[in-house]
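Dumped model28.cif below, it's mmCIF, C-alpha atoms:
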data_target
loop_
_atom_site.label_atom_id
_atom_site.label_comp_id
_atom_site.auth_asym_id
_atom_site.auth_seq_id
_atom_site.Cartn_x
_atom_site.Cartn_y
_atom_site.Cartn_z
CA MET A 1 -32.18 -3.61 -30.05
CA SER A 2 -31.59 -3.83 -26.31
CA LEU A 3 -28.70 -1.92 -24.85
CA GLN A 4 -26.47 -3.80 -22.45
CA PRO A 5 -25.59 -1.89 -19.28
CA ARG A 6 -22.04 -0.61 -19.25
CA ARG A 7 -19.67 -2.70 -17.18
CA TYR A 8 -17.80 -0.61 -14.68
CA GLN A 9 -14.40 -1.65 -13.43
CA THR A 10 -14.72 -3.59 -10.20
CA VAL A 11 -12.51 -3.53 -7.13
CA ALA A 12 -13.04 -6.55 -4.90
CA ILE A 13 -11.90 -6.22 -1.30
CA VAL A 14 -11.32 -9.40 0.70
CA GLY A 15 -11.92 -8.67 4.36
CA ALA A 16 -14.44 -6.21 5.82
CA GLY A 17 -12.38 -5.31 8.86
CA SER A 18 -11.17 -1.82 9.66
CA VAL A 19 -8.74 -1.69 6.73
CA GLY A 20 -11.06 -3.30 4.17
CA ALA A 21 -14.08 -1.17 5.07
CA THR A 22 -12.05 2.05 5.16
CA LEU A 23 -10.49 1.17 1.81
CA ALA A 24 -13.94 0.64 0.29
CA TYR A 25 -15.03 4.03 1.59
CA ALA A 26 -11.86 5.82 0.43
CA ALA A 27 -11.96 4.26 -3.05
CA LEU A 28 -15.55 5.40 -3.56
CA VAL A 29 -15.08 8.89 -2.11
CA ARG A 30 -12.00 9.53 -4.26
CA GLY A 31 -13.72 8.11 -7.33
CA ALA A 32 -10.99 5.51 -7.80
CA ALA A 33 -13.62 2.84 -8.51
CA ARG A 34 -17.22 2.97 -9.66
CA ARG A 35 -18.05 -0.48 -8.30
CA VAL A 36 -16.67 -1.90 -5.07
CA VAL A 37 -17.53 -5.32 -3.65
CA LEU A 38 -16.68 -6.53 -0.15
CA PHE A 39 -16.23 -10.19 0.76
CA ASP A 40 -16.01 -11.42 4.33
CA ILE A 41 -17.03 -14.67 6.02
CA ASN A 42 -18.71 -12.60 8.75
CA LYS A 43 -22.07 -12.06 7.06
CA ALA A 44 -23.45 -9.59 9.61
CA LYS A 45 -20.27 -7.48 9.53
CA VAL A 46 -20.02 -7.23 5.76
CA ARG A 47 -23.73 -6.42 5.39
CA ALA A 48 -23.45 -3.69 8.03
CA GLU A 49 -20.37 -2.09 6.43
CA VAL A 50 -21.98 -2.10 2.98
CA ALA A 51 -25.20 -0.61 4.33
CA ASP A 52 -23.34 2.12 6.23
CA ILE A 53 -21.33 3.16 3.16
CA GLY A 54 -24.27 2.68 0.81
CA HIS A 55 -26.44 5.08 2.76
CA GLY A 56 -24.04 7.85 1.74
CA ILE A 57 -23.81 6.97 -1.97
CA GLU A 58 -26.18 9.85 -2.74
CA PHE A 59 -23.40 12.27 -1.85
CA LEU A 60 -20.82 10.70 -4.20
CA ASN A 61 -20.43 10.52 -7.93
CA GLN A 62 -22.28 7.56 -9.42
CA ALA A 63 -21.02 4.47 -7.63
CA THR A 64 -22.16 1.15 -6.18
CA ILE A 65 -21.08 -0.99 -3.27
CA GLU A 66 -22.08 -4.60 -2.66
CA GLY A 67 -21.07 -7.18 -0.09
CA SER A 68 -21.46 -10.85 0.66
CA ASP A 69 -20.11 -13.79 2.62
CA ASP A 70 -20.05 -15.67 -0.70
CA ILE A 71 -16.72 -15.33 -2.51
CA GLU A 72 -18.58 -15.40 -5.85
CA ILE A 73 -19.18 -11.69 -5.40
CA CYS A 74 -15.53 -11.20 -6.46
CA ARG A 75 -16.05 -12.89 -9.83
CA ASP A 76 -14.49 -11.06 -12.81
CA ALA A 77 -13.10 -8.27 -10.65
CA ASP A 78 -10.43 -6.08 -12.22
CA VAL A 79 -8.50 -5.61 -9.00
CA VAL A 80 -8.62 -7.85 -5.93
CA VAL A 81 -7.27 -6.36 -2.71
CA PHE A 82 -6.52 -8.83 0.08
CA THR A 83 -6.92 -7.16 3.49
CA ALA A 84 -8.08 -10.15 5.54
CA GLY A 85 -5.70 -11.55 8.13
CA ALA A 86 -4.78 -11.88 11.75
CA LYS A 87 -5.21 -8.70 13.79
CA GLN A 88 -2.03 -7.03 15.05
CA ASP A 89 -2.19 -6.55 18.80
CA PRO A 90 -0.46 -3.72 20.70
CA GLY A 91 3.27 -4.44 20.90
CA GLN A 92 3.08 -7.27 18.38
CA SER A 93 5.37 -7.15 15.34
CA ARG A 94 4.00 -7.66 11.84
CA MET A 95 6.15 -10.76 11.39
CA GLU A 96 4.36 -12.47 14.28
CA LEU A 97 1.23 -12.55 12.12
CA ALA A 98 2.86 -14.51 9.30
CA ALA A 99 1.75 -18.11 9.94
CA LYS A 100 -1.96 -17.39 10.42
CA THR A 101 -2.18 -14.94 7.54
CA VAL A 102 -0.30 -17.10 5.04
CA GLY A 103 -2.59 -20.00 5.96
CA LEU A 104 -5.61 -17.83 5.16
CA VAL A 105 -4.08 -16.72 1.85
CA GLN A 106 -3.39 -20.34 0.93
CA LYS A 107 -7.03 -21.20 1.61
CA VAL A 108 -8.72 -18.30 -0.19
CA LEU A 109 -6.43 -17.08 -2.97
CA PRO A 110 -6.72 -20.07 -5.38
CA THR A 111 -10.49 -19.54 -5.54
CA LEU A 112 -10.03 -15.82 -6.16
CA VAL A 113 -7.67 -16.54 -9.05
CA ASP A 114 -10.15 -19.08 -10.44
CA ILE A 115 -13.09 -16.66 -10.45
CA ALA A 116 -11.10 -13.54 -11.39
CA PRO A 117 -8.18 -14.90 -13.47
CA ASP A 118 -7.30 -11.59 -15.11
CA ALA A 119 -7.44 -9.49 -11.94
CA ILE A 120 -4.47 -7.73 -10.45
CA GLN A 121 -4.05 -9.29 -7.01
CA MET A 122 -2.79 -6.81 -4.41
CA MET A 123 -1.75 -7.99 -0.95
CA VAL A 124 -2.22 -5.50 1.89
CA THR A 125 -2.48 -7.69 4.97
CA ASN A 126 0.61 -7.97 7.18
CA PRO A 127 3.37 -9.01 7.04
CA VAL A 128 2.83 -7.79 3.51
CA ASP A 129 6.19 -8.82 2.02
CA VAL A 130 5.91 -12.39 3.32
CA VAL A 131 2.27 -12.59 2.25
CA THR A 132 3.13 -11.29 -1.22
CA TYR A 133 5.87 -13.88 -1.61
CA ALA A 134 3.49 -16.64 -0.51
CA ALA A 135 0.75 -15.37 -2.85
CA GLN A 136 3.07 -15.49 -5.85
CA LYS A 137 4.16 -19.02 -5.00
CA ILE A 138 0.59 -20.17 -4.38
CA THR A 139 -0.88 -18.71 -7.56
CA GLY A 140 2.00 -19.07 -10.01
CA LEU A 141 0.86 -15.80 -11.59
CA PRO A 142 3.34 -13.40 -13.19
CA THR A 143 5.04 -11.11 -10.70
CA ASN A 144 3.40 -8.03 -12.21
CA GLN A 145 -0.03 -9.48 -11.46
CA VAL A 146 0.58 -10.26 -7.79
CA PHE A 147 2.23 -7.62 -5.65
CA GLY A 148 1.99 -5.99 -2.25
CA SER A 149 1.13 -2.47 -1.12
CA GLY A 150 4.69 -2.34 0.18
CA THR A 151 6.03 0.91 1.61
CA VAL A 152 3.61 3.30 -0.10
CA LEU A 153 2.12 4.05 3.32
CA ASP A 154 5.55 4.25 5.01
CA SER A 155 6.75 6.71 2.38
CA SER A 156 3.65 8.81 2.96
CA ARG A 157 4.34 8.80 6.70
CA LEU A 158 7.93 9.87 6.07
CA ARG A 159 6.86 12.70 3.77
CA TYR A 160 4.27 13.89 6.30
CA LEU A 161 6.87 14.07 9.06
CA ILE A 162 9.40 15.85 6.83
CA ALA A 163 6.77 18.38 5.75
CA ARG A 164 5.75 19.03 9.33
CA GLU A 165 9.39 19.51 10.34
CA CYS A 166 10.04 22.29 7.84
CA GLY A 167 6.56 23.74 7.33
CA VAL A 168 5.91 22.97 3.67
CA ALA A 169 3.06 21.21 1.89
CA VAL A 170 3.55 17.46 1.99
CA GLN A 171 2.87 17.34 -1.76
CA ASN A 172 6.21 19.12 -2.29
CA VAL A 173 8.16 16.43 -0.45
CA HIS A 174 9.67 13.58 -2.44
CA ALA A 175 11.14 10.80 -0.33
CA TYR A 176 10.99 7.02 -0.21
CA VAL A 177 11.03 4.36 2.43
CA LEU A 178 12.23 1.14 0.79
CA GLY A 179 12.81 -2.48 1.74
CA GLU A 180 10.53 -4.21 4.23
CA HIS A 181 7.20 -2.83 5.32
CA GLY A 182 8.26 -3.35 8.89
CA ASP A 183 10.90 -2.73 11.50
CA SER A 184 13.84 -2.94 9.07
CA GLU A 185 12.43 -0.44 6.55
CA VAL A 186 14.92 2.11 5.23
CA PRO A 187 14.36 5.84 4.52
CA ILE A 188 16.51 6.84 1.54
CA TRP A 189 17.71 10.22 2.79
CA LYS A 190 20.25 11.01 0.13
CA LEU A 191 17.60 10.92 -2.64
CA ALA A 192 14.98 12.91 -0.71
CA SER A 193 14.08 16.41 -1.85
CA ILE A 194 11.65 19.25 -1.11
CA GLY A 195 10.51 21.31 -4.08
CA GLY A 196 13.48 20.04 -6.06
CA VAL A 197 16.01 21.02 -3.36
CA PRO A 198 17.91 18.05 -1.87
CA LEU A 199 16.74 17.41 1.67
CA LEU A 200 20.27 17.49 3.06
CA GLU A 201 20.75 21.03 1.72
CA TRP A 202 17.79 22.53 3.59
CA ARG A 203 18.95 25.10 6.15
CA THR A 204 17.54 26.57 9.32
CA SER A 205 17.08 30.33 9.70
CA GLU A 206 20.46 30.35 11.45
CA GLY A 207 22.11 28.64 8.50
CA GLY A 208 22.54 25.21 10.06
CA GLN A 209 21.52 21.92 8.48
CA MET A 210 17.80 21.47 9.16
CA PHE A 211 17.78 17.70 8.67
CA ASN A 212 20.88 16.81 10.63
CA ASP A 213 21.71 13.37 12.01
CA GLU A 214 19.55 13.81 15.10
CA VAL A 215 16.49 15.00 13.16
CA ARG A 216 16.78 12.25 10.57
CA GLN A 217 17.16 9.58 13.23
CA ARG A 218 14.06 10.87 15.02
CA ILE A 219 11.97 11.06 11.86
CA GLY A 220 13.16 7.63 10.71
CA HIS A 221 12.27 6.11 14.08
CA ASP A 222 8.85 7.78 14.16
CA THR A 223 8.11 6.57 10.63
CA ALA A 224 9.00 2.96 11.36
CA HIS A 225 7.14 2.91 14.68
CA ALA A 226 4.07 4.91 13.68
CA ALA A 227 1.81 1.87 13.43
CA TYR A 228 2.71 0.67 16.94
CA GLU A 229 1.70 3.99 18.47
CA ILE A 230 -1.58 4.08 16.54
CA ILE A 231 -2.46 0.49 17.41
CA GLU A 232 -1.65 1.19 21.06
CA GLY A 233 -3.98 4.17 21.01
CA LYS A 234 -6.97 2.95 19.00
CA GLY A 235 -6.44 -0.72 18.15
CA ALA A 236 -5.76 -0.54 14.42
CA THR A 237 -4.46 1.59 11.57
CA ASN A 238 -7.02 2.18 8.84
CA TYR A 239 -7.37 5.71 7.43
CA ALA A 240 -3.92 6.32 5.96
CA VAL A 241 -3.57 2.77 4.65
CA GLY A 242 -7.00 3.07 3.04
CA LEU A 243 -5.88 6.21 1.22
CA ALA A 244 -2.49 4.73 0.29
CA VAL A 245 -4.03 1.62 -1.26
CA THR A 246 -6.63 3.76 -3.02
CA ARG A 247 -3.75 5.63 -4.64
CA ILE A 248 -2.37 2.34 -5.96
CA ILE A 249 -5.81 1.36 -7.28
CA GLU A 250 -6.01 4.67 -9.15
CA ALA A 251 -2.65 4.00 -10.78
CA LEU A 252 -3.88 0.57 -11.89
CA LEU A 253 -7.35 1.43 -13.18
CA ARG A 254 -6.30 4.73 -14.79
CA ASN A 255 -3.14 3.24 -16.32
CA GLU A 256 -1.14 6.09 -14.83
CA HIS A 257 2.40 4.66 -15.05
CA ARG A 258 2.82 6.02 -11.55
CA VAL A 259 6.09 5.34 -9.68
CA LEU A 260 5.20 3.80 -6.32
CA PRO A 261 7.26 1.75 -3.84
CA VAL A 262 5.20 -1.44 -4.02
CA SER A 263 6.42 -4.86 -2.93
CA THR A 264 7.45 -7.31 -5.65
CA ARG A 265 9.65 -10.39 -5.84
CA ILE A 266 13.20 -9.37 -6.63
CA ASP A 267 15.90 -11.35 -8.38
CA ASP A 268 18.60 -8.81 -9.10
CA ASP A 269 22.27 -9.63 -9.55
CA LEU A 270 23.27 -5.97 -9.38
CA LEU A 271 21.60 -5.51 -6.00
CA GLY A 272 22.66 -8.96 -4.85
CA ILE A 273 19.07 -9.70 -3.80
CA HIS A 274 17.29 -12.87 -4.88
CA ASP A 275 13.96 -14.60 -4.30
CA VAL A 276 12.55 -12.15 -1.78
CA CYS A 277 9.73 -9.60 -1.83
CA LEU A 278 10.48 -6.04 -0.81
CA SER A 279 9.66 -2.51 -1.93
CA MET A 280 11.48 -0.53 -4.60
CA PRO A 281 10.25 2.37 -6.78
CA THR A 282 8.13 0.59 -9.42
CA VAL A 283 6.06 1.73 -12.40
CA VAL A 284 2.42 0.84 -11.69
CA ASP A 285 -0.08 0.83 -14.55
CA ALA A 286 -2.92 -1.26 -15.98
CA ARG A 287 -0.62 -4.28 -16.25
CA GLY A 288 0.18 -4.15 -12.56
CA ALA A 289 3.61 -3.76 -11.00
CA GLY A 290 5.98 -3.28 -13.91
CA ARG A 291 9.51 -2.02 -14.32
CA ARG A 292 11.52 -1.34 -11.17
CA LEU A 293 13.62 1.79 -11.26
CA GLY A 294 17.33 1.44 -10.74
CA ILE A 295 18.36 3.81 -7.96
CA PRO A 296 21.86 4.32 -6.57
CA MET A 297 22.15 2.21 -3.45
CA SER A 298 24.95 2.50 -0.93
CA PRO A 299 25.13 2.74 2.86
CA SER A 300 25.34 6.53 2.58
CA SER A 301 21.96 6.62 0.80
CA TRP A 302 20.07 5.63 3.92
CA SER A 303 22.52 6.37 6.71
CA ALA A 304 21.55 9.04 9.21
CA SER A 305 25.06 10.39 8.75
CA THR A 306 26.08 12.43 5.74
CA ALA A 307 29.62 11.11 5.90
CA ALA A 308 30.82 8.92 3.05
CA PRO A 309 30.95 5.18 3.86
#
Translate the structure described by the file into structure tokens.
Amino acid sequence: MSLQPRRYQTVAIVGAGSVGATLAYAALVRGAARRVVLFDINKAKVRAEVADIGHGIEFLNQATIEGSDDIEICRDADVVVFTAGAKQDPGQSRMELAAKTVGLVQKVLPTLVDIAPDAIQMMVTNPVDVVTYAAQKITGLPTNQVFGSGTVLDSSRLRYLIARECGVAVQNVHAYVLGEHGDSEVPIWKLASIGGVPLLEWRTSEGGQMFNDEVRQRIGHDTAHAAYEIIEGKGATNYAVGLAVTRIIEALLRNEHRVLPVSTRIDDDLLGIHDVCLSMPTVVDARGAGRRLGIPMSPSSWSASTAAP
């Protein structure tokens, strides 16, 4: 009797640019996926990225990476991550990329759904909320099966800046950025905490409020504009987004029921929001983006002022 080789879960990454290649590397290094495949129409680029990562496979746990300019390499993937799209130039907003990127999604995504019908389709390319909305309309798949990376990265940026401000480990900071992954994103200050202590109750050594209006305004601005500064300096963001998306992949493939602020289509009478994709705390597991958590929402939740509305 011949033994069939075990099928490892496959993550297919569409686009071998700076984000796609870094994501492939991060997913393998963290052990989030045992098999990663890269698809890009630029044959030389995808082959070079796969070779560069593959040459270091010896130093990882058992893993494989493959790449091709043939979309068939994505067949039967468990998770498809769409990173291909127009490049964001210095000073350019994410929304300015919408037309070109949605056109690319419209061209490629139907084939991906055809060859990997059971895959979770995750949109990462910007503007991610618009692209996610378009992807759901194009595919007709259930909303849990098509979602965007949302503000997982933005929330990580916010937590990093909070941790740096008060000198604690970032893992002890719990705070969300919700809404758009873009200029209108909203830090939810009133629900933020550090080690279980509400953020607004943290005090300086002199007894004053550490995260006062001025500090929160500065941190909120730096969070929302972080990508612009990075793109101005080196042309693209790739490391943190690669790690953020890897964290989402882990929640999917390990069925973690992890609460993450991913972007899904919302039709909610209580929130008064309909037929739009944006980020809310959402349970992510093997079925994709599941139940959204109901959180208290009022102007005072995100305002830089602690005064009641």
As an exercise, work out the distance from CA of Gly208 in chain A to CA of Gln171 in chain A in Å and give it to one decimal place.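 So the answer is 24.3 Å.
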Take CA of Tyr8 in chain A and CA of Thr132 in chain A and report the distance between them in Å, one decimal. 27.1 Å
So how many Å separate CA of Ala32 in chain A and CA of Phe82 in chain A, to one decimal? 17.0 Å
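Near Pro261 in chain A, within 6 Å and counting only C-alpha atoms, sit A:Thr151, A:Val152, A:Ser279, A:Met280, A:Pro281, A:Thr282; same-chain residues fewer than 3 positions away were not included.
The residues caught by the PyMOL selection byres ((chain A and resi 109-125) around 6) in this file are Arg75, Asp76, Ala77, Asp78, Val79, Val80, Val81, Phe82, Thr83, Gly85, Val105, Gln106, Val108, Asn126, Val128, Thr132, Gln145, Val146, Phe147, Gly148 and Ser149 of chain A.
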Selected residues, C-alpha atoms, written as an mmCIF file, in the frame of the given file, please.
data_model
loop_
_atom_site.group_PDB
_atom_site.id
_atom_site.type_symbol
_atom_site.label_atom_id
_atom_site.label_comp_id
_atom_site.auth_asym_id
_atom_site.auth_seq_id
_atom_site.Cartn_x
_atom_site.Cartn_y
_atom_site.Cartn_z
ATOM 1 C CA ARG A 75 -16.050 -12.890 -9.830
ATOM 2 C CA ASP A 76 -14.490 -11.060 -12.810
ATOM 3 C CA ALA A 77 -13.100 -8.270 -10.650
ATOM 4 C CA ASP A 78 -10.430 -6.080 -12.220
ATOM 5 C CA VAL A 79 -8.500 -5.610 -9.000
ATOM 6 C CA VAL A 80 -8.620 -7.850 -5.930
ATOM 7 C CA VAL A 81 -7.270 -6.360 -2.710
ATOM 8 C CA PHE A 82 -6.520 -8.830 0.080
ATOM 9 C CA THR A 83 -6.920 -7.160 3.490
ATOM 10 C CA GLY A 85 -5.700 -11.550 8.130
ATOM 11 C CA VAL A 105 -4.080 -16.720 1.850
ATOM 12 C CA GLN A 106 -3.390 -20.340 0.930
ATOM 13 C CA VAL A 108 -8.720 -18.300 -0.190
ATOM 14 C CA ASN A 126 0.610 -7.970 7.180
ATOM 15 C CA VAL A 128 2.830 -7.790 3.510
ATOM 16 C CA THR A 132 3.130 -11.290 -1.220
ATOM 17 C CA GLN A 145 -0.030 -9.480 -11.460
ATOM 18 C CA VAL A 146 0.580 -10.260 -7.790
ATOM 19 C CA PHE A 147 2.230 -7.620 -5.650
ATOM 20 C CA GLY A 148 1.990 -5.990 -2.250
ATOM 21 C CA SER A 149 1.130 -2.470 -1.120
#
Which neighbours of Asp70 in chain A fall inside 8 Å, counting only C-alpha atoms, when residues of the same chain fewer than 6 positions from it are skipped, and could you give them as a list in words? Phe39, Asp40 and Ile41 of chain A
For this file, the PyMOL selection byres ((chain A and resi 174) around 7) selects which residues, as number ranges by chain? A: 159, 172-173, 175, 192-194
When distances are computed from only C-alpha atoms, which of A:Leu253, A:Ala63, A:Leu278, A:Ala135 shows the smallest separation from Val186 in chain A? A:Leu278
Would you write out, as an mmCIF file with C-alpha atoms, in the coordinates of the input, every residue that the PyMOL selection byres ((chain A and resi 217-230) around 8) captures in this file?
data_model
loop_
_atom_site.group_PDB
_atom_site.id
_atom_site.type_symbol
_atom_site.label_atom_id
_atom_site.label_comp_id
_atom_site.auth_asym_id
_atom_site.auth_seq_id
_atom_site.Cartn_x
_atom_site.Cartn_y
_atom_site.Cartn_z
ATOM 1 C CA PRO A 90 -0.460 -3.720 20.700
ATOM 2 C CA GLY A 91 3.270 -4.440 20.900
ATOM 3 C CA ASP A 154 5.550 4.250 5.010
ATOM 4 C CA ARG A 157 4.340 8.800 6.700
ATOM 5 C CA LEU A 158 7.930 9.870 6.070
ATOM 6 C CA LEU A 161 6.870 14.070 9.060
ATOM 7 C CA ILE A 162 9.400 15.850 6.830
ATOM 8 C CA GLY A 182 8.260 -3.350 8.890
ATOM 9 C CA ASP A 183 10.900 -2.730 11.500
ATOM 10 C CA SER A 184 13.840 -2.940 9.070
ATOM 11 C CA GLU A 185 12.430 -0.440 6.550
ATOM 12 C CA VAL A 186 14.920 2.110 5.230
ATOM 13 C CA PRO A 187 14.360 5.840 4.520
ATOM 14 C CA ASP A 213 21.710 13.370 12.010
ATOM 15 C CA GLU A 214 19.550 13.810 15.100
ATOM 16 C CA VAL A 215 16.490 15.000 13.160
ATOM 17 C CA ARG A 216 16.780 12.250 10.570
ATOM 18 C CA ILE A 231 -2.460 0.490 17.410
ATOM 19 C CA GLU A 232 -1.650 1.190 21.060
ATOM 20 C CA GLY A 233 -3.980 4.170 21.010
ATOM 21 C CA LYS A 234 -6.970 2.950 19.000
ATOM 22 C CA GLY A 235 -6.440 -0.720 18.150
ATOM 23 C CA ALA A 236 -5.760 -0.540 14.420
ATOM 24 C CA THR A 237 -4.460 1.590 11.570
ATOM 25 C CA ALA A 304 21.550 9.040 9.210
#
Within 12 Å of file point (-11.9, 10.7, -3.0), counting only C-alpha atoms, expressed as a list in words: Thr22, Leu23, Ala24, Tyr25, Ala26, Ala27, Leu28, Val29, Arg30, Gly31, Ala32, Ala33, Arg34, Phe59, Leu60, Asn61, Ala63, Gly242, Leu243, Ala244, Thr246, Arg247, Ile249 and Glu250 of chain A
